[in-house]
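To keep things clear, I will list the structure first and then write my remarks on it.
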Amino acid sequence: MQNYLDGNVLAGPLGEVFAVDVTSAMGQCASCGAQAAVAQAHVYPDAPGAVARCRACGAVLLRLVRAGDRAWLDLRGISCLELQMPSE
Amino acid sequence: MARAAVLGRLTWQDGTVREIRRETAAAASIVIDLPDWSGHTAGQHVDVRLTADDGYSAQRSYSIASAPEPGRVELTVQRLPDGEVSPYLTETLQPGYPLELRGPIGGWFVWDPASSGPVLLVAGGSGIVPLMSMIRSRAAAGSQAPFQLLYSVRGPADALYATELSQRQRQADGLRVDYVYTRTVPAGWPHPPGRLSAAVLAELTRGDDPPLFSPGGLPPEPPAPDRRSAPSGGEPPGHRAGQAPAVFVCGPTGFVEAAANLLITAGHQAGAIKTERFGPSGG
Amino acid sequence: MGIVSPGFHGRRGPADQKLPPGQYLVTDFPVLSAGPTPRVDTGSWQFRITTETGQVHTWDWAAFRALPDDEFTVDLHCVTKWSKLQTTWRGVSLDTLLAQADTSAQFVLAHSYGGYTTNLPLPDLRDGQAWIAFEYDGKPLPAEHGGPARLLVPHLYLWKSAKWVQGIDLMDRDQPGFWESLGYHNYGDPWREQRYWGD
């Protein structure tokens, strides 16, 4: 039973934290090295916070909790993000 | 335009409902006026927030259905039987009511009319909504990019935008629409109901013009001036020689998984396929 | 607070029950998860208590089910604001399981099949406050609700009631678990509305 969505659902919550869209950024899983767009992660959005997992190995890529006036973000599961920038 | 605008963090905007149109028995399109809205890219969505008078709030995401337009956005909402938000939007909301939303959201599952390459759209149920935004955006921009839509629905009564899709297809400007009926078929349909399969995918994307069938059993239009050559050996299915299509798949998770697997097996590169899953959660 | 949506009430039950602050009543049983539902068959299931000195006590399913169990009815309060009252369970009390453990530890880290963790003070697991539950509403606990067995600690927010529990580590030092390390309150008393750090 597939109860996950994909990283597109994080675009709103992450858009509250970052000024640019990060779902189209490429990320590398810190656990298995697989590379994919954040939008392609398997996301479990309903928990007390959002959890994005690597679609290859299932390791947690990122976690986000949103309270009324605070947000907590853990990105340790992604070793780096590659973001498209406007060309100079 | 040389640079993309820096968005700034997303914030909530107060919109006003302008119009509500029933699409099917369970779905309605809602047009919302938003004074500070500067448009979107097809495929993006908005978050909608409802607040009760005691402060309780619920929030859901909905794909934008319209082509980009400053000051206005249109959503198509499917009423889910146990939904908390969708019954309000499809049954209680009235023109003139406020509606709080934020967006546009998303940078992955988007299509810009500046791209001229062929596009294959695969929709399951209400997954048609962001793909319809792409179709409308394409028309508004006068794009001739070859577009093919495969739309999987339970039956003709569940198909969103059926009349509009039929009209747009008749423009003969490179849009092709095919339906896959999974439970009930229209009168005269030559196939029994069934899900999208490898065989159906192959038949629908092999590049023949004109389409053989349309909903309601209407006769096909005479062939349009040929805008898509038949594929020669070794080329990707159904599109202009030499160009593999960008593929967008949207719908419930199970549909998206199955369709993506069929597409990869049929020869589409994984990197060319973008997916957006709608969940069983929400509504 | 956003602008009020005329006519919107949301999916809530009557508010006349005494609920912890900020909670609303539900009649269904929402399923929230941080990952895929683990599928653990009772043939390989194990529950393990590890003390602060490294002693290990393990039960397989047969040994676990041979222990005395209670049927009990409790209210559940989830930090996402829903409460479900008068839920009926069957489970083995942590008092029974801890009886064998020689410990002076003050803290517990519970961990689950699938990797989830949550921490609590050890006294909160004693004195009839906590169970390893294996039946809900008279039937074997479904996997989506934490089956074959979950921790149940109803006096705290439900994230402390680790689904698919695999064991508990008794520790001299407190170690924040999965949500406690990302903003959720270290203790989580619903009656004092301890949802987030600093509450």
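Going by the structure tokens order, chains are called A, B, ..., each with residues numbered from 1, while ligands are numbered from 1 in the order shown.
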
Could you tell me which residues of chain A sit within 12 Å of chain B when counting only C-alpha atoms, and give me the result as a PDB file with C-alpha atoms, in the first residue's frame?
ATOM      1  CA  MET A   1       0.000   0.000   0.000  1.00  0.00           C
ATOM      2  CA  GLN A   2       1.566   3.246  -1.153  1.00  0.00           C
ATOM      3  CA  ASN A   3       0.748   5.908   1.395  1.00  0.00           C
ATOM      4  CA  TYR A   4       3.342   8.419   0.252  1.00  0.00           C
ATOM      5  CA  LEU A   5       3.170  11.441  -2.005  1.00  0.00           C
ATOM      6  CA  ASP A   6       6.065  13.081  -3.773  1.00  0.00           C
ATOM      7  CA  GLY A   7       8.214  16.078  -2.982  1.00  0.00           C
ATOM      8  CA  ASN A   8       5.886  18.420  -4.881  1.00  0.00           C
ATOM      9  CA  VAL A   9       3.791  18.583  -1.708  1.00  0.00           C
ATOM     10  CA  LEU A  10       6.729  20.173   0.114  1.00  0.00           C
ATOM     11  CA  ALA A  11       6.854  23.124  -2.242  1.00  0.00           C
ATOM     12  CA  GLY A  12       4.338  25.053  -0.141  1.00  0.00           C
ATOM     13  CA  PRO A  13       5.827  24.386   3.314  1.00  0.00           C
ATOM     14  CA  LEU A  14       9.403  24.869   2.071  1.00  0.00           C
ATOM     15  CA  GLY A  15       8.251  27.970   0.222  1.00  0.00           C
ATOM     16  CA  GLU A  16       7.477  29.463   3.620  1.00  0.00           C
ATOM     17  CA  VAL A  17      11.071  28.982   4.660  1.00  0.00           C
ATOM     18  CA  PHE A  18      13.059  29.541   1.476  1.00  0.00           C
ATOM     19  CA  ALA A  19      12.644  32.386  -0.957  1.00  0.00           C
ATOM     20  CA  VAL A  20      13.186  30.123  -3.953  1.00  0.00           C
ATOM     21  CA  ASP A  21      11.606  26.837  -4.937  1.00  0.00           C
ATOM     22  CA  VAL A  22      13.769  23.945  -3.678  1.00  0.00           C
ATOM     23  CA  THR A  23      11.623  21.089  -4.972  1.00  0.00           C
ATOM     24  CA  SER A  24      13.250  21.436  -8.381  1.00  0.00           C
ATOM     25  CA  ALA A  25      16.723  21.319  -6.815  1.00  0.00           C
ATOM     26  CA  MET A  26      18.723  18.109  -7.234  1.00  0.00           C
ATOM     27  CA  GLN A  35      20.606  11.731  -6.819  1.00  0.00           C
ATOM     28  CA  ALA A  36      17.132  13.002  -7.596  1.00  0.00           C
ATOM     29  CA  ALA A  37      15.077  16.159  -7.516  1.00  0.00           C
ATOM     30  CA  VAL A  38      13.586  16.969  -4.122  1.00  0.00           C
ATOM     31  CA  ALA A  39      10.226  16.733  -5.944  1.00  0.00           C
ATOM     32  CA  GLN A  40      10.913  13.053  -6.586  1.00  0.00           C
ATOM     33  CA  ALA A  41      11.344  12.086  -2.936  1.00  0.00           C
ATOM     34  CA  HIS A  42       8.718   9.955  -1.230  1.00  0.00           C
ATOM     35  CA  VAL A  43       6.962  12.216   1.250  1.00  0.00           C
ATOM     36  CA  TYR A  44       4.853  11.284   4.223  1.00  0.00           C
ATOM     37  CA  PRO A  45       3.055  14.559   4.798  1.00  0.00           C
ATOM     38  CA  ASP A  46       0.555  13.744   7.528  1.00  0.00           C
ATOM     39  CA  ALA A  47       2.742  13.044  10.484  1.00  0.00           C
ATOM     40  CA  GLY A  68       2.337  28.609  14.626  1.00  0.00           C
ATOM     41  CA  LEU A  83      20.000  24.740  -7.287  1.00  0.00           C
ATOM     42  CA  GLN A  84      19.487  26.402 -10.653  1.00  0.00           C
ATOM     43  CA  MET A  85      20.490  30.060 -10.441  1.00  0.00           C
ATOM     44  CA  PRO A  86      19.848  32.853 -12.914  1.00  0.00           C
ATOM     45  CA  SER A  87      22.891  33.195 -15.141  1.00  0.00           C
ATOM     46  CA  GLU A  88      25.103  36.165 -14.495  1.00  0.00           C
TER      47      GLU A  88
END

Report as a compact mmCIF listing (two decimals) with C-alpha atoms, in the first residue's frame all protein, DNA and RNA residues lying within 8 Å of His111 of chain C, evaluated on only C-alpha atoms, omitting residues in the same chain fewer than 5 positions from it.
# COMPACT_ATOMS: atom_id res chain seq x y z
CA TYR C 116 11.19 5.65 14.64
CA THR C 117 12.25 6.66 18.15
CA THR C 118 10.71 8.56 21.04
CA ALA C 162 5.54 4.34 19.39
CA VAL C 165 7.61 -0.96 18.89
CA GLN C 166 10.67 -3.16 18.88
CA GLY C 167 12.20 -2.35 22.24
CA ILE C 168 13.07 0.17 24.90

Q: Find the residues of chain B in contact range of chain C, meaning any atom within 10 Å when counting only C-alpha atoms, and list them as a list of chain:residue names.
A: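 The complete set of qualifying residues is B:Trp12, B:Gln13, B:Asp14, B:Arg49, B:Leu50, B:Thr51, B:Ala52, B:Asp53, B:Asp54, B:Gly55, B:Tyr56, B:Ser57, B:Ala58, B:Asp82, B:Gly83, B:Glu84, B:Val85, B:Pro87, B:Tyr88, B:Leu89, B:Thr92, B:Leu93, B:Gln94, B:Tyr97, B:Pro98, B:Leu99, B:Glu100, B:Leu101, B:Ser281.
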
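Considering only chain C, backbone DSSP assigns helix (DSSP H, G or I) to Trp61, Ala62, Ala63, Phe64, Arg65, Leu94, Asp95, Thr96, Leu97, Leu98, Leu122, Pro123, Asp124, Leu125, Ala143, Glu144, His145, Leu158, Trp159, Lys160, Glu180, Ser181, Leu182, Pro190, Trp191 and Arg192 of chain C.
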
Each chain C residue no farther than 9 Å from chain A, nearest pair in Å, only C-alpha atoms, as JSON lines:
{"residue": "C:Val31", "atom": "CA", "partner": "A:Asp46", "partner_atom": "CA", "distance": 8.1}
{"residue": "C:Leu32", "atom": "CA", "partner": "A:Ala47", "partner_atom": "CA", "distance": 4.7}
{"residue": "C:Ser33", "atom": "CA", "partner": "A:Ala47", "partner_atom": "CA", "distance": 5.1}
{"residue": "C:Ala34", "atom": "CA", "partner": "A:Tyr44", "partner_atom": "CA", "distance": 5.6}
{"residue": "C:Gly35", "atom": "CA", "partner": "A:Tyr44", "partner_atom": "CA", "distance": 6.0}
{"residue": "C:Pro36", "atom": "CA", "partner": "A:Asn3", "partner_atom": "CA", "distance": 7.0}
{"residue": "C:Thr37", "atom": "CA", "partner": "A:Met1", "partner_atom": "CA", "distance": 8.3}
{"residue": "C:Cys78", "atom": "CA", "partner": "A:Pro48", "partner_atom": "CA", "distance": 8.6}
{"residue": "C:Val79", "atom": "CA", "partner": "A:Pro48", "partner_atom": "CA", "distance": 6.9}
{"residue": "C:Thr80", "atom": "CA", "partner": "A:Pro48", "partner_atom": "CA", "distance": 6.1}
{"residue": "C:Trp159", "atom": "CA", "partner": "A:Pro48", "partner_atom": "CA", "distance": 7.9}
{"residue": "C:Trp179", "atom": "CA", "partner": "A:Pro48", "partner_atom": "CA", "distance": 7.8}
{"residue": "C:Leu182", "atom": "CA", "partner": "A:Trp72", "partner_atom": "CA", "distance": 5.9}
{"residue": "C:Gly183", "atom": "CA", "partner": "A:Trp72", "partner_atom": "CA", "distance": 6.1}
{"residue": "C:Tyr184", "atom": "CA", "partner": "A:Val65", "partner_atom": "CA", "distance": 8.3}
{"residue": "C:Arg195", "atom": "CA", "partner": "A:Ala67", "partner_atom": "CA", "distance": 8.9}
{"residue": "C:Tyr196", "atom": "CA", "partner": "A:Ala67", "partner_atom": "CA", "distance": 7.5}

Output N, CA and C atoms for every residue in the selection just made, as a compact mmCIF listing (two decimals), in the first residue's frame.
# COMPACT_ATOMS: atom_id res chain seq x y z
N VAL C 31 -4.68 7.98 10.63
CA VAL C 31 -3.39 7.28 10.53
C VAL C 31 -2.34 8.29 10.10
N LEU C 32 -1.37 8.51 10.95
CA LEU C 32 -0.28 9.41 10.63
C LEU C 32 1.01 8.61 10.66
N SER C 33 1.87 8.85 9.70
CA SER C 33 3.10 8.06 9.67
C SER C 33 4.26 8.85 9.11
N ALA C 34 5.45 8.53 9.57
CA ALA C 34 6.67 9.17 9.07
C ALA C 34 7.36 8.32 8.01
N GLY C 35 6.71 7.23 7.62
CA GLY C 35 7.36 6.38 6.64
C GLY C 35 6.44 5.25 6.23
N PRO C 36 6.93 4.33 5.43
CA PRO C 36 6.10 3.22 5.00
C PRO C 36 5.71 2.35 6.20
N THR C 37 4.56 1.72 6.11
CA THR C 37 4.08 0.86 7.19
C THR C 37 4.97 -0.38 7.26
N CYS C 78 -3.68 13.41 20.06
CA CYS C 78 -2.57 13.56 19.11
C CYS C 78 -2.15 15.02 19.04
N VAL C 79 -0.89 15.26 18.90
CA VAL C 79 -0.39 16.64 18.86
C VAL C 79 -0.92 17.40 17.64
N THR C 80 -1.40 16.67 16.63
CA THR C 80 -1.98 17.34 15.46
C THR C 80 -3.41 17.79 15.73
N TRP C 159 2.33 10.83 19.93
CA TRP C 159 3.60 10.53 19.24
C TRP C 159 4.55 9.75 20.15
N TRP C 179 10.87 13.05 16.86
CA TRP C 179 10.19 14.35 16.83
C TRP C 179 10.72 15.30 17.89
N LEU C 182 13.22 17.65 16.71
CA LEU C 182 12.84 18.54 15.61
C LEU C 182 11.72 19.47 16.04
N GLY C 183 11.76 19.93 17.31
CA GLY C 183 10.81 20.95 17.72
C GLY C 183 9.72 20.47 18.64
N TYR C 184 9.46 19.18 18.69
CA TYR C 184 8.39 18.72 19.56
C TYR C 184 8.86 18.64 21.00
N ARG C 195 3.26 21.05 23.31
CA ARG C 195 3.43 20.53 21.95
C ARG C 195 4.86 20.72 21.45
N TYR C 196 5.41 21.91 21.64
CA TYR C 196 6.69 22.26 21.00
C TYR C 196 7.70 22.71 22.04

Q.
Env of segment 52-62 of chain C: 7 Å cut, atoms = only C-alpha atoms, seq-sep filter 3 positions within chain, self excluded. Answer as an MDAnalysis selection string.
A. chainID C and resid 42 45:49 65:66 103 105 170:172

Q. Please, what distance in Å, to one decimal, runs between atom CA of Gly188 of chain C and atom CA of Pro121 of chain C?
A.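 Atom-to-atom, atom CA of Gly188 of chain C and atom CA of Pro121 of chain C are spaced 11.1 Å apart.
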
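The environment of Ala143 of chain C within 8 Å, counting only C-alpha atoms and disregarding residues fewer than 3 places along the same chain, consists of Thr37, Pro38, Arg39, Gly146, Gly147, Pro148 and Trp164 of chain C.
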